[in-house]
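Chemist: The structure under discussion is supplied below as structure tokens; questions concerning it will follow.
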Amino acid sequence: MVKRVKGSIQGIVQGVGFRPFIYQLAHRFDLTGYVINTSQGVTLEVEGPEPRIAGFFEAILVENPPLAQIAVLNQHEIPVLGEDSFEIRESRSGLARSALISPDVSICPDCLAELRDPQDRRYRYPFINCTNCGPRYTIIQDIPYDRPSTTMRKFEMCPACRDEYEDPSNRRFHAQPNACWECGPHAALHDKNGNPLSCADPVQEAVRLLQDGAVLAVKGLGGFHLAVDATNHKAVVRLRKRKHREEKPLAIMVPDLQTARDIARVSPEEAAILTSRQRPIVILRKRRSHGLSPQVAPRNRYFGIMLPYTPLHYLLMDAPFKALVMTSGNMTDEPINIENNAAFLHLKGIADSFLVHDRDIYLRSDDSIVRVINHTPRQIRRSRGYVPAPIFLPEPLPMLPPVLAVGGELKNTVCLTKENRIFLSQHVGDMENLETYEFFGLTISHLQRILEIEPAVIAHDLHPDYLSSRFAREHKDITRIAVQHHHAHIVGCMAEHGIAGPVIGLAMDGTGLGTDGHIWGGDIILADLVSFERKAHLDYTPLPGGDAAAKFPWRMALVYLHKAYGDALFDLDIPFIKNLDTTQANIVVRMARQGVNSPLTSSCGRLFDAVSSLIRLRDKNAYEGQAPIELEMCQRRDENGHYPWRMEKGENHHHLLTADLIRGIVEDLEKGTSRGIISARFHNTMIQMLRETCCLLREDTGIEEVAMSGGSFQNATLLSGLTRLLEQDGFRVYSHRLVPSNDGGLALGQAVCAGLRSRRWKGSFNSYETHG
């Protein structure tokens, strides 16, 4: 019996070869009809015998193209038309836009083979791509995803490329960035002043410059990189000096997986991420003899390694480089450069030469960063390769209204919601200058346009002075909801895992404004998706100089010592005291004692800072989180000892007192105990402290689910050690996988909390009745 069925498919189904896949599938099942791109995704109609139609729809779900991601497939029967062919029809616009855009992905094996084939017409063409690979999000300006809506619109395809583009059986059918030597973008080399250099092969000349020790600015997929030969110590030092990046590890690119294994230890899970089409930077443990400059990642046991992901990268790496430093093409704290002329201006004095091209980048996208902990990939920075693919809220979480969440101040990302889909933006950065704020605004407007989401609610942080919060307040015609920083962290973790709570939430990070006006950061809360109650926290400590205390950990070490010993701290016989500038130290102590520019904080991050400085690891942070990172790096893995600590039980919540912990560290320092042992004992103590607090709260509440979030859980020792012990105690433990535990994932929790609060979702706690 002949039937006709209409199907509508939503998900990542545009620009990924989905229509030719459907076309070929329809021919295989001998069906007639059509397929078309719409603003909602893909619509198709097929006509033929019922068993063939059933097989056709089953094959769609099983065999779909590599980059496709089907979210919804609806089908219903319609009247038979009696057509005699199947065709691909031209795209059409619609009122509601819900098509999903594929992220930018690495070059596929087929294109890589052609790139290296001297007989292929695209041999060594730096912009080779097909429907299975290449740029997407960074070049699209609007949907439907067709060439006129991308930055490729200025390149008119030659007859050969046009034939491929229009042939449904070809791998490049409707590949919007399709191009070749004759009709597409081209690379060019410029000198340090931005003047063009005449050379037969700009890529080969760029390779020669790198071999000679030059700093090269390279235009990539989502922005510029600054590249040097990672084995050339003088070149690496020169790059650091020019970029004013003193000690923060530099990302490196290696030619292949085997080279990554030669310089670092690579587990099967890490190998899979390195070679994935997303091609993030993966944090890998250094080998003792790696052959790279020690200045690539000083005072760190790990490298950040990625494989090439564009044709241009592969052409550069075909030279005999063991590794190239590939760090973001910007001055420290500024957004990555994406325009040629802007790069000539802003990177002048850093780069010796510029390898550029004329395919415009519409939206910058930094490299993503992933670290495997407990055999699970954890996002440190979710950006290129992952954005704008949505995160789907698992059942039984409810559908959300359209919400714009604007994130926090550091590691900012923004978020838009549509029903059960969460669209988290690429990494925006630290909201500390005009350039980043403008990028923040562009990112919001771009996502709203391509997703056609008009938010009914804006979610923002409780801190009124964040630029993101100020942005929210400017939109007076939309409901604005403030979400407390650490509650947002915990809600984000819960949303990832599809749990509504209540949970015991461990929110451990550097800073976030609390509902009592103090700076939180070492807090244990009872939380559901819309409300929370603070049940325990690290005892409050002055933050002398405010932000200056985060930059100079010795200030935190000093105030923690003062809490433990009072003015007698100056009599302690430990190296920290002997090396103090007594005048400065007395000023800081007076500031803390009198409360002058010294807000109170319960920050876990600042406690890690204090211990790092106390054992003479780090008195000044050259980058955010440096002191805690080096504290984790130096620990003795075989040490099982810990320090004493006390809990002070209050009427409504508990204080976790640190004075005994600090005294224990001082006693070890007086004995000459090594840094590695002290660091390990400190980590063990923090794990035990949080474990026992969770056990106490379970006794009081019966809650057996623990959600862990905040930047401190990027510490593998803290995350894995605490998870293991809590699971042994019978807790169900949840931590981040899909979004960063740091503030890069904050917007997800803001969006879910504010969206449900706007719909008056019932909570178990009342923290937002008078705050927010």
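Letters A, B, ... go to the chains of the structure tokens in the order shown; residues in each chain start at 1; ligands are counted from 1 in the same order.
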As a count of residues only, please: all residues of stretch 335-441 of chain A that backbone DSSP puts in strand (DSSP E).

Modeler: 29

Chemist: For A:Thr231, list every protein, DNA or RNA residue within 8 Å, evaluated using only C-alpha atoms, and leave out those in the same chain fewer than 3 positions away; present the list as a ChimeraX atom specification.

Modeler: /A:291-293,322-324

Chemist: Find the residues around A:Asp509 up to 8 Å (only C-alpha atoms counted), leave out those fewer than 6 positions away in its own chain, and share them as JSON, numbers by chain.

Modeler: {"A": [521, 522, 603, 604, 605, 710, 711, 712, 713, 742]}

Chemist: Save out the residues we just selected, all heavy atoms, as a tab-separated table (two decimals), in the first residue's frame.

Modeler:
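For reference, part.tsv as written:
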chain	number	residue	atom	x	y	z
A	521	GLY	N	32.62	31.72	49.10
A	521	GLY	CA	33.51	30.94	48.22
A	521	GLY	C	33.91	29.60	48.79
A	521	GLY	O	34.54	28.80	48.10
A	522	GLY	N	33.51	29.32	50.03
A	522	GLY	CA	33.77	28.02	50.63
A	522	GLY	C	32.52	27.59	51.36
A	522	GLY	O	32.49	27.52	52.59
A	603	SER	N	36.15	32.35	51.25
A	603	SER	CA	36.64	31.79	49.99
A	603	SER	C	37.58	30.60	50.18
A	603	SER	O	38.59	30.68	50.89
A	603	SER	CB	37.36	32.87	49.19
A	603	SER	OG	38.06	32.31	48.10
A	604	CYS	N	37.25	29.51	49.50
A	604	CYS	CA	38.14	28.35	49.46
A	604	CYS	C	39.40	28.68	48.66
A	604	CYS	O	40.51	28.31	49.04
A	604	CYS	CB	37.40	27.17	48.83
A	604	CYS	SG	38.36	25.65	48.66
A	605	GLY	N	39.22	29.42	47.56
A	605	GLY	CA	40.37	29.78	46.73
A	605	GLY	C	41.40	30.60	47.49
A	605	GLY	O	42.61	30.40	47.34
A	710	GLY	N	32.11	24.96	41.22
A	710	GLY	CA	33.01	26.06	41.55
A	710	GLY	C	34.41	25.76	41.06
A	710	GLY	O	34.81	24.60	40.90
A	711	GLY	N	35.18	26.81	40.82
A	711	GLY	CA	36.51	26.67	40.22
A	711	GLY	C	37.47	25.82	41.02
A	711	GLY	O	38.41	25.23	40.46
A	712	SER	N	37.29	25.70	42.33
A	712	SER	CA	38.21	24.88	43.13
A	712	SER	C	38.13	23.41	42.77
A	712	SER	O	39.06	22.65	43.02
A	712	SER	CB	37.91	25.06	44.64
A	712	SER	OG	38.19	26.38	45.06
A	713	PHE	N	37.01	22.99	42.16
A	713	PHE	CA	36.88	21.59	41.77
A	713	PHE	C	37.55	21.30	40.42
A	713	PHE	O	37.42	20.20	39.89
A	713	PHE	CB	35.42	21.16	41.77
A	713	PHE	CG	34.89	20.94	43.16
A	713	PHE	CD1	33.92	21.77	43.70
A	713	PHE	CD2	35.39	19.92	43.94
A	713	PHE	CE1	33.45	21.57	44.99
A	713	PHE	CE2	34.92	19.71	45.24
A	713	PHE	CZ	33.95	20.54	45.76
A	742	ASN	N	34.12	26.08	36.72
A	742	ASN	CA	34.45	27.47	37.03
A	742	ASN	C	33.35	28.40	36.54
A	742	ASN	O	32.28	27.95	36.11
A	742	ASN	CB	35.82	27.84	36.45
A	742	ASN	CG	35.86	27.70	34.93
A	742	ASN	OD1	34.93	28.09	34.23
A	742	ASN	ND2	36.94	27.13	34.41

Chemist: Would you mind telling me which residue in A:Pro294, A:Pro66, A:Pro177, A:Pro280 lies nearest to A:Lys234 when using only C-alpha atoms?

Modeler: A:Pro294

Chemist: Would you mind reading off the distance between atom CA of A:Gly385 and atom CA of A:His487, one decimal, in Å?

Modeler: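 Atom CA of A:His487 lies 28.3 Å from atom CA of A:Gly385.
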
Chemist: Smallest atom-to-atom distance to A:Ile703: which of A:Ile665, A:Met152, A:Ile525, A:Leu718, using only C-alpha atoms?

Modeler: A:Ile525

Chemist: Which residues are near A:Val559? Cut-off 8 Å, only C-alpha atoms, ignore same chain within fewer than 6 positions. Put them as a ChimeraX atom specification.

Modeler: /A:541-542,589,592

Chemist: Would you mind listing what lies within 6 Å of A:Leu404 as a PDB file with N, CA, C and O atoms, in the first residue's frame, with only C-alpha atoms counted and same-chain residues fewer than 5 positions away left out?

Modeler:
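Output file part-v4.pdb follows:
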ATOM      1  N   CYS A 415      24.204  32.754  28.096  1.00  0.00           N
ATOM      2  CA  CYS A 415      23.378  31.574  27.872  1.00  0.00           C
ATOM      3  C   CYS A 415      21.987  32.001  27.440  1.00  0.00           C
ATOM      4  O   CYS A 415      21.422  32.962  27.973  1.00  0.00           O
ATOM      5  N   LEU A 416      21.432  31.300  26.458  1.00  0.00           N
ATOM      6  CA  LEU A 416      20.040  31.478  26.049  1.00  0.00           C
ATOM      7  C   LEU A 416      19.331  30.138  26.150  1.00  0.00           C
ATOM      8  O   LEU A 416      19.938  29.087  25.906  1.00  0.00           O
ATOM      9  N   PRO A 455      14.293  36.903  24.719  1.00  0.00           N
ATOM     10  CA  PRO A 455      14.174  36.522  26.126  1.00  0.00           C
ATOM     11  C   PRO A 455      13.062  37.269  26.857  1.00  0.00           C
ATOM     12  O   PRO A 455      12.858  38.464  26.645  1.00  0.00           O
ATOM     13  N   ILE A 458      15.864  38.085  32.073  1.00  0.00           N
ATOM     14  CA  ILE A 458      17.321  38.200  32.098  1.00  0.00           C
ATOM     15  C   ILE A 458      17.798  37.793  33.486  1.00  0.00           C
ATOM     16  O   ILE A 458      17.354  38.341  34.503  1.00  0.00           O
TER      17      ILE A 458
END

Chemist: Can you work out the spacing between atom CA of A:Ala175 and atom CA of A:Gly17 in Å, to one decimal?

Modeler: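 If I compute the distance from atom CA of A:Ala175 to atom CA of A:Gly17, I get 7.5 Å.
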
Chemist: Which of these, A:Ser169, A:Ala179, A:Asp191, A:Val325, has the shortest distance to A:Leu226 once you count only C-alpha atoms?

Modeler: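 For A:Leu226, the nearest of the given residues is A:Val325.
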
Chemist: Quick one: pick out all alpha helix (DSSP H) residues within stretch 28-215 of chain A from a backbone DSSP run and write them as a ChimeraX atom specification.

Modeler: /A:28,50-63,109-115,159-166,202-211

Chemist: Counting only C-alpha atoms, which residue out of A:Ala754, A:Val372, A:Ile283, A:Val414 sits closest to A:Pro268?

Modeler: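 The answer is A:Val372, which sits nearest to A:Pro268.
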